[in-house]
>>> print(open('start05.txt').read())   # compact mmCIF, C-alpha atoms
# COMPACT_ATOMS: atom_id res chain seq x y z
CA MET A 1 26.75 -73.92 -44.07
CA ALA A 2 28.37 -70.84 -45.41
CA THR A 3 27.62 -67.14 -45.35
CA LYS A 4 28.25 -66.97 -49.10
CA SER A 5 25.00 -68.92 -49.60
CA PHE A 6 23.14 -65.68 -48.95
CA PHE A 7 24.75 -64.25 -52.06
CA GLU A 8 24.46 -67.22 -54.41
CA ASP A 9 21.49 -68.46 -56.40
CA MET A 10 20.81 -72.03 -57.32
CA VAL A 11 20.83 -72.54 -61.08
CA ILE A 12 19.31 -75.70 -62.48
CA ASP A 13 21.77 -75.81 -65.32
CA THR A 14 22.06 -79.52 -66.03
CA GLU A 15 19.60 -82.27 -66.81
CA GLU A 16 20.86 -84.13 -63.75
CA ALA A 17 20.08 -81.19 -61.45
CA ALA A 18 16.63 -80.85 -63.02
CA ASP A 19 15.92 -84.56 -62.52
CA ARG A 20 17.05 -84.42 -58.91
CA LEU A 21 14.85 -81.43 -58.16
CA ILE A 22 11.83 -83.06 -59.80
CA ALA A 23 12.54 -86.21 -57.78
CA ALA A 24 12.53 -84.12 -54.58
CA PHE A 25 9.08 -82.77 -55.48
CA ASP A 26 7.85 -86.24 -56.39
CA GLU A 27 9.06 -87.61 -53.06
CA ALA A 28 7.31 -84.85 -51.12
CA ASP A 29 4.09 -85.32 -53.06
CA SER A 30 4.14 -89.10 -52.72
CA GLY A 31 3.19 -88.87 -49.07
CA ALA A 32 6.68 -89.43 -47.73
CA PRO A 33 6.84 -87.94 -44.24
CA GLY A 34 8.49 -84.59 -43.87
CA ILE A 35 10.26 -83.03 -40.92
CA ASP A 36 8.02 -83.37 -37.89
CA THR A 37 7.43 -79.90 -36.49
CA THR A 38 4.67 -80.69 -34.02
CA ASP A 39 6.79 -79.77 -31.01
CA ALA A 40 8.60 -76.85 -32.62
CA HIS A 41 9.20 -73.72 -30.59
CA LYS A 42 7.43 -70.55 -31.62
CA PRO A 43 9.50 -67.36 -31.58
CA ILE A 44 8.96 -65.03 -28.64
CA GLU A 45 8.15 -61.50 -29.73
CA ASP A 46 7.00 -59.96 -26.46
CA ASP A 47 9.53 -57.33 -25.35
CA ALA A 48 9.04 -57.82 -21.61
CA GLU A 49 9.33 -61.60 -21.91
CA VAL A 50 12.49 -61.27 -24.01
CA ARG A 51 14.09 -58.94 -21.45
CA ARG A 52 13.20 -61.39 -18.68
CA ILE A 53 14.72 -64.34 -20.55
CA MET A 54 17.88 -62.35 -21.28
CA GLY A 55 18.15 -61.01 -17.75
CA TRP A 56 18.03 -57.42 -19.05
CA MET B 1 15.82 -86.99 -28.53
CA VAL B 2 16.82 -83.74 -26.87
CA SER B 3 14.63 -82.57 -24.05
CA MET B 4 15.48 -79.23 -22.57
CA GLY B 5 14.04 -75.83 -22.13
CA TYR B 6 15.00 -73.06 -24.44
CA SER B 7 13.35 -70.11 -26.11
CA ILE B 8 13.56 -69.00 -29.72
CA ILE B 9 14.05 -65.23 -29.89
CA PRO B 10 14.33 -63.23 -33.12
CA LEU B 11 17.55 -61.23 -33.33
CA ARG B 12 15.57 -58.13 -34.34
CA VAL B 13 13.63 -58.32 -31.05
CA LEU B 14 16.90 -58.65 -29.14
CA MET B 15 18.26 -55.60 -31.00
CA LYS B 16 15.18 -53.60 -30.08
CA ASN B 17 15.52 -54.49 -26.40
CA ASP B 18 19.31 -54.45 -26.17
CA ASP B 19 20.56 -53.18 -22.82
CA GLY B 20 24.03 -52.69 -24.25
CA THR B 21 25.24 -56.27 -23.78
CA LEU B 22 23.92 -57.90 -26.94
CA GLU B 23 27.18 -57.49 -28.82
CA SER B 24 29.21 -59.13 -26.07
CA THR B 25 26.62 -61.91 -25.82
CA LEU B 26 27.02 -62.62 -29.54
CA ASP B 27 30.81 -62.38 -29.21
CA SER B 28 30.80 -65.10 -26.57
CA TYR B 29 29.18 -67.67 -28.85
CA HIS B 30 31.16 -70.78 -29.77
CA ASP B 31 29.94 -73.12 -32.48
CA CYS B 32 30.35 -76.88 -32.06
CA ILE B 33 32.25 -77.30 -35.33
CA GLY B 34 33.80 -74.24 -36.82
CA SER B 35 34.49 -70.58 -36.67
CA GLU B 36 32.43 -69.43 -39.67
CA GLN B 37 29.21 -69.73 -37.68
CA GLU B 38 30.80 -67.74 -34.87
CA LEU B 39 31.99 -65.05 -37.28
CA PHE B 40 28.57 -64.78 -38.86
CA LEU B 41 26.93 -64.15 -35.50
CA ARG B 42 29.61 -61.69 -34.40
CA GLU B 43 30.15 -59.75 -37.60
CA LYS B 44 27.33 -60.32 -40.09
CA ALA B 45 24.06 -61.16 -38.41
CA ILE B 46 23.13 -57.67 -37.16
CA MET B 47 24.19 -55.99 -40.41
CA MET B 48 22.21 -58.47 -42.51
CA GLU B 49 19.24 -58.07 -40.18
CA LYS B 50 19.30 -54.30 -40.68
CA LYS B 51 19.50 -54.74 -44.45
CA ASN B 52 16.59 -57.20 -44.39
CA MET B 53 18.77 -59.80 -46.10
CA CYS B 54 17.76 -62.55 -43.70
CA ARG B 55 16.34 -63.15 -40.25
CA THR B 56 18.31 -64.76 -37.45
CA TYR B 57 16.71 -66.62 -34.56
CA LEU B 58 18.61 -67.49 -31.40
CA ALA B 59 17.91 -70.41 -29.08
CA ILE B 60 18.36 -69.08 -25.57
CA GLY B 61 18.75 -71.56 -22.73
CA GLY B 62 19.37 -71.31 -19.01
CA ARG B 63 21.43 -68.40 -17.71
CA SER B 64 20.65 -66.61 -20.98
CA ARG B 65 23.18 -68.73 -22.89
CA ILE B 66 22.97 -69.00 -26.67
CA MET B 67 22.52 -72.71 -27.38
CA GLY B 68 22.42 -72.27 -31.13
CA TYR B 69 20.87 -70.23 -33.88
CA PHE B 70 19.59 -70.32 -37.42
CA SER B 71 19.29 -67.71 -40.15
CA ILE B 72 16.70 -67.89 -42.89
CA GLY B 73 16.13 -65.81 -45.99
CA LEU B 74 14.97 -65.84 -49.58
CA ARG B 75 17.04 -66.54 -52.67
CA CYS B 76 16.31 -66.83 -56.34
CA MET B 77 16.48 -70.06 -58.23
CA LYS B 78 17.01 -70.06 -61.97
CA VAL B 79 15.62 -72.72 -64.24
CA PRO B 80 16.97 -72.04 -67.74
CA GLN B 81 14.61 -72.71 -70.65
CA PRO B 82 15.56 -76.03 -72.24
CA VAL B 83 16.42 -75.89 -75.92
CA ASP B 84 16.70 -78.52 -78.63
CA ALA B 85 19.77 -79.26 -80.77
CA GLU B 86 18.95 -76.28 -83.00
CA GLY B 87 18.72 -73.96 -80.02
CA VAL B 88 14.94 -73.69 -80.22
CA ALA B 89 13.11 -73.44 -76.91
CA VAL B 90 11.45 -76.68 -75.87
CA LYS B 91 8.24 -76.71 -73.88
CA ASP B 92 9.03 -78.05 -70.42
CA ASP B 93 6.37 -77.81 -67.74
CA ARG B 94 8.01 -80.08 -65.19
CA PHE B 95 8.80 -77.09 -63.02
CA THR B 96 6.07 -74.64 -63.90
CA VAL B 97 3.39 -76.99 -62.61
CA ARG B 98 5.13 -77.25 -59.25
CA MET B 99 6.79 -73.90 -58.71
CA ASN B 100 6.26 -70.23 -59.42
CA VAL B 101 8.78 -70.15 -62.26
CA ASP B 102 8.38 -66.92 -64.21
CA PRO B 103 7.89 -67.94 -67.85
CA ASP B 104 10.06 -65.10 -69.20
CA SER B 105 12.88 -64.73 -66.69
CA ARG B 106 12.78 -68.43 -65.67
CA VAL B 107 13.34 -67.33 -62.08
CA ALA B 108 11.62 -68.82 -59.05
CA GLN B 109 12.05 -68.23 -55.33
CA SER B 110 13.31 -70.51 -52.62
CA TYR B 111 13.72 -70.22 -48.91
CA LEU B 112 17.30 -70.49 -47.70
CA ILE B 113 18.48 -71.79 -44.35
CA GLY B 114 21.78 -69.99 -44.59
CA GLN B 115 23.04 -70.79 -41.12
CA LEU B 116 22.15 -73.46 -38.60
CA SER B 117 24.54 -73.71 -35.71
CA ARG B 118 24.71 -75.62 -32.45
CA SER B 119 26.77 -74.23 -29.59
CA LYS B 120 29.65 -76.36 -28.37
CA ASP B 121 27.88 -76.39 -25.01
CA ALA B 122 24.56 -77.67 -26.37
CA PRO B 123 23.94 -81.43 -26.43
CA LYS B 124 24.36 -83.50 -29.56
CA GLY B 125 21.02 -83.62 -31.31
CA PHE B 126 20.16 -80.02 -30.58
CA GLY B 127 20.69 -79.19 -34.25
CA THR B 128 17.66 -81.37 -35.00
CA GLU B 129 15.56 -79.22 -32.67
CA LEU B 130 16.76 -76.10 -34.44
CA MET B 131 15.92 -77.60 -37.83
CA LYS B 132 12.39 -78.37 -36.64
CA ASP B 133 11.99 -74.78 -35.44
CA ALA B 134 13.34 -73.36 -38.71
CA VAL B 135 11.15 -75.56 -40.91
CA ASP B 136 8.10 -74.81 -38.77
CA MET B 137 8.72 -71.12 -39.36
CA LEU B 138 9.05 -71.66 -43.11
CA LYS B 139 5.81 -73.66 -43.13
CA GLY B 140 4.21 -70.56 -41.63
CA ALA B 141 5.75 -68.43 -44.36
CA ASN B 142 4.42 -70.86 -46.95
CA GLN B 143 0.92 -70.37 -45.57
CA ILE B 144 1.29 -66.61 -46.05
CA VAL B 145 3.19 -66.22 -49.32
CA GLY B 146 3.54 -69.69 -50.85
CA CYS B 147 6.85 -71.28 -52.00
CA ARG B 148 7.72 -74.83 -51.01
CA LEU B 149 11.40 -75.14 -51.76
CA VAL B 150 13.88 -74.88 -48.88
CA ARG B 151 17.56 -74.78 -49.73
CA VAL B 152 20.64 -75.44 -47.64
CA ASP B 153 24.24 -75.23 -48.85
CA CYS B 154 26.83 -77.34 -47.08
CA ASP B 155 30.25 -78.83 -47.53
CA ASP B 156 30.79 -82.52 -48.20
CA ARG B 157 30.95 -83.44 -44.53
CA LEU B 158 27.34 -82.45 -43.91
CA VAL B 159 25.56 -83.95 -46.93
CA ASP B 160 24.58 -87.10 -45.01
CA TYR B 161 23.46 -85.03 -42.03
CA TYR B 162 21.01 -82.97 -44.07
CA SER B 163 19.95 -86.01 -46.11
CA ARG B 164 18.59 -87.52 -42.92
CA PHE B 165 16.13 -84.62 -42.66
CA GLY B 166 14.97 -85.21 -46.24
CA PHE B 167 17.12 -82.66 -48.04
CA ARG B 168 18.20 -83.91 -51.47
CA LEU B 169 21.44 -83.02 -53.20
CA ILE B 170 20.68 -81.02 -56.34
CA ARG B 171 24.04 -79.68 -57.51
CA LYS B 172 27.35 -78.12 -56.56
CA ASN B 173 27.52 -74.35 -56.44
CA ASP B 174 29.52 -72.55 -59.13
CA ASP B 175 32.71 -72.56 -57.02
CA ARG B 176 32.13 -76.29 -56.40
CA ASP B 177 32.90 -75.94 -52.71
CA LEU B 178 29.30 -76.27 -51.48
CA ASN B 179 26.54 -78.77 -52.09
CA GLN B 180 23.19 -77.15 -52.80
CA MET B 181 20.43 -79.29 -51.31
CA ALA B 182 16.66 -78.94 -51.43
CA TYR B 183 13.79 -79.91 -49.17
CA ILE B 184 10.19 -79.58 -50.33
CA LEU B 185 7.74 -78.40 -47.69
CA ARG B 186 4.78 -80.70 -47.22
CA THR B 187 1.59 -78.74 -47.70
CA GLU B 188 -2.05 -79.55 -47.13
CA ASN B 189 -3.30 -78.18 -50.44
>>> encode(input="start05.txt", output="structure tokens")
Amino acid sequence: MATKSFFEDMVIDTEEAADRLIAAFDEADSGAPGIDTTDAHKPIEDDAEVRRIMGW
Amino acid sequence: MVSMGYSIIPLRVLMKNDDGTLESTLDSYHDCIGSEQELFLREKAIMMEKKNMCRTYLAIGGRSRIMGYFSIGLRCMKVPQPVDAEGVAVKDDRFTVRMNVDPDSRVAQSYLIGQLSRSKDAPKGFGTELMKDAVDMLKGANQIVGCRLVRVDCDDRLVDYYSRFGFRLIRKNDDRDLNQMAYILRTEN
């Protein structure tokens, strides 16, 4: 990954790119499993808990 | 399968609670592959956080070590109006039925995972845990504001890695040094 990504847009400027993007939507909508996030961590927002974790 | 305890803490919350050691904590980070991810955390992350350009989330493990991090933001995506041989606009609803493409500007939004980095001290496979955490967060954003498209940009070495998560190569960027890949969030509606 690159920091420059934050400053670049994605332009669907060719038929091939358009077809690939449509295929990505079709795959997602076909019922193909996505990334399993059932055990994902939720961000900790509580100040006291954050200071405890950081040892501050 | 990585099994270990860690906490995901937003950088903005760390900045708010900083006891004066946050900068040195970020300086001590070492990525498992390259220096760009280290430089981003040391030199860009706080500035970009203050400018609301993206949000960075750190995975904090035992002894308050940074095990990895990811940075997510929003970027535009442009879908030029197709034209026929005479240059006349052709009706094309392949995108407008799936995305919020503005009919005049032909611009839509996408989420961007601009950084995803595993520490050299974190076990192999920890990047998968970070990806799950990042995508879970974007699923939450989708529930609030919509948008299903998640983009990552990577060099050639990492195309297979992101393909395993379901990202699909769409195109090279204009400089042709990065592969722009897309993942479509699964939604219930």
>>> atom_distance(input="start05.txt", atom1="CA of Lys132 (chain B)", atom2="CA of Asp153 (chain B)")
17.3 Å
>>> closest_residue(input="start05.txt", among="B:Ala45, B:Ile113, B:Ile9, B:Ala89", to="chain A", atoms="only C-alpha atoms")
B:Ile9
>>> residues_around(input="start05.txt", residues="Ser30 (chain A)", least_positions_apart="5", cutoff="12 Å", atoms="only C-alpha atoms", output="list in words")
Ala23, Ala24 and Phe25 of chain A; Ile184, Arg186 and Thr187 of chain B
>>> interface_residues(input="start05.txt", of="chain A", to="chain B", cutoff="6 Å", atoms="only C-alpha atoms", output="list in words")
Met1, Asp9, Met10, Val11, Ile12, Ala17, Arg20, Thr37, Ala40, His41, Pro43, Ile44 and Met54 of chain A
>>> write_last_selection(input="start05.txt", atoms="C-alpha atoms", output="tab-separated table (two decimals), keeping the file's coordinate frame")
chain	number	residue	atom	x	y	z
A	1	MET	CA	26.75	-73.92	-44.07
A	9	ASP	CA	21.49	-68.46	-56.40
A	10	MET	CA	20.81	-72.03	-57.32
A	11	VAL	CA	20.83	-72.54	-61.08
A	12	ILE	CA	19.31	-75.70	-62.48
A	17	ALA	CA	20.08	-81.19	-61.45
A	20	ARG	CA	17.05	-84.42	-58.91
A	37	THR	CA	7.43	-79.90	-36.49
A	40	ALA	CA	8.60	-76.85	-32.62
A	41	HIS	CA	9.20	-73.72	-30.59
A	43	PRO	CA	9.50	-67.36	-31.58
A	44	ILE	CA	8.96	-65.03	-28.64
A	54	MET	CA	17.88	-62.35	-21.28
>>> atom_distance(input="start05.txt", atom1="CA of Met15 (chain B)", atom2="CA of Thr38 (chain A)")
28.7 Å
>>> build_atoms(input="start05.txt", residues="region 7-23 of chain A", atoms="N, CA and C atoms", output="JSON list (two decimals), in the frame of the given file")
[["chain", "number", "residue", "atom", "x", "y", "z"],
["A", 7, "PHE", "N", 24.44, -65.06, -50.88],
["A", 7, "PHE", "CA", 24.75, -64.25, -52.06],
["A", 7, "PHE", "C", 24.79, -65.08, -53.35],
["A", 8, "GLU", "N", 24.40, -66.35, -53.24],
["A", 8, "GLU", "CA", 24.46, -67.22, -54.41],
["A", 8, "GLU", "C", 23.07, -67.79, -54.71],
["A", 9, "ASP", "N", 22.73, -67.82, -55.98],
["A", 9, "ASP", "CA", 21.49, -68.46, -56.40],
["A", 9, "ASP", "C", 21.76, -69.93, -56.74],
["A", 10, "MET", "N", 20.69, -70.67, -56.83],
["A", 10, "MET", "CA", 20.81, -72.03, -57.32],
["A", 10, "MET", "C", 20.33, -72.04, -58.77],
["A", 11, "VAL", "N", 21.17, -72.51, -59.65],
["A", 11, "VAL", "CA", 20.83, -72.54, -61.08],
["A", 11, "VAL", "C", 20.70, -74.00, -61.51],
["A", 12, "ILE", "N", 19.54, -74.32, -62.02],
["A", 12, "ILE", "CA", 19.31, -75.70, -62.48],
["A", 12, "ILE", "C", 19.81, -75.79, -63.91],
["A", 13, "ASP", "N", 21.12, -75.95, -64.03],
["A", 13, "ASP", "CA", 21.77, -75.81, -65.32],
["A", 13, "ASP", "C", 22.15, -77.13, -65.99],
["A", 14, "THR", "N", 21.80, -78.23, -65.38],
["A", 14, "THR", "CA", 22.06, -79.52, -66.03],
["A", 14, "THR", "C", 20.81, -80.39, -65.93],
["A", 15, "GLU", "N", 20.74, -81.34, -66.82],
["A", 15, "GLU", "CA", 19.60, -82.27, -66.81],
["A", 15, "GLU", "C", 19.58, -83.07, -65.50],
["A", 16, "GLU", "N", 20.77, -83.37, -65.00],
["A", 16, "GLU", "CA", 20.86, -84.13, -63.75],
["A", 16, "GLU", "C", 20.28, -83.33, -62.59],
["A", 17, "ALA", "N", 20.62, -82.04, -62.53],
["A", 17, "ALA", "CA", 20.08, -81.19, -61.45],
["A", 17, "ALA", "C", 18.57, -81.08, -61.56],
["A", 18, "ALA", "N", 18.08, -80.95, -62.81],
["A", 18, "ALA", "CA", 16.63, -80.85, -63.02],
["A", 18, "ALA", "C", 15.95, -82.14, -62.56],
["A", 19, "ASP", "N", 16.51, -83.27, -62.92],
["A", 19, "ASP", "CA", 15.92, -84.56, -62.52],
["A", 19, "ASP", "C", 15.91, -84.71, -61.00],
["A", 20, "ARG", "N", 16.98, -84.29, -60.37],
["A", 20, "ARG", "CA", 17.05, -84.42, -58.91],
["A", 20, "ARG", "C", 16.01, -83.53, -58.22],
["A", 21, "LEU", "N", 15.83, -82.33, -58.76],
["A", 21, "LEU", "CA", 14.85, -81.43, -58.16],
["A", 21, "LEU", "C", 13.42, -81.96, -58.36],
["A", 22, "ILE", "N", 13.16, -82.46, -59.54],
["A", 22, "ILE", "CA", 11.83, -83.06, -59.80],
["A", 22, "ILE", "C", 11.61, -84.25, -58.87],
["A", 23, "ALA", "N", 12.66, -85.05, -58.67],
["A", 23, "ALA", "CA", 12.54, -86.21, -57.78],
["A", 23, "ALA", "C", 12.23, -85.77, -56.35]]
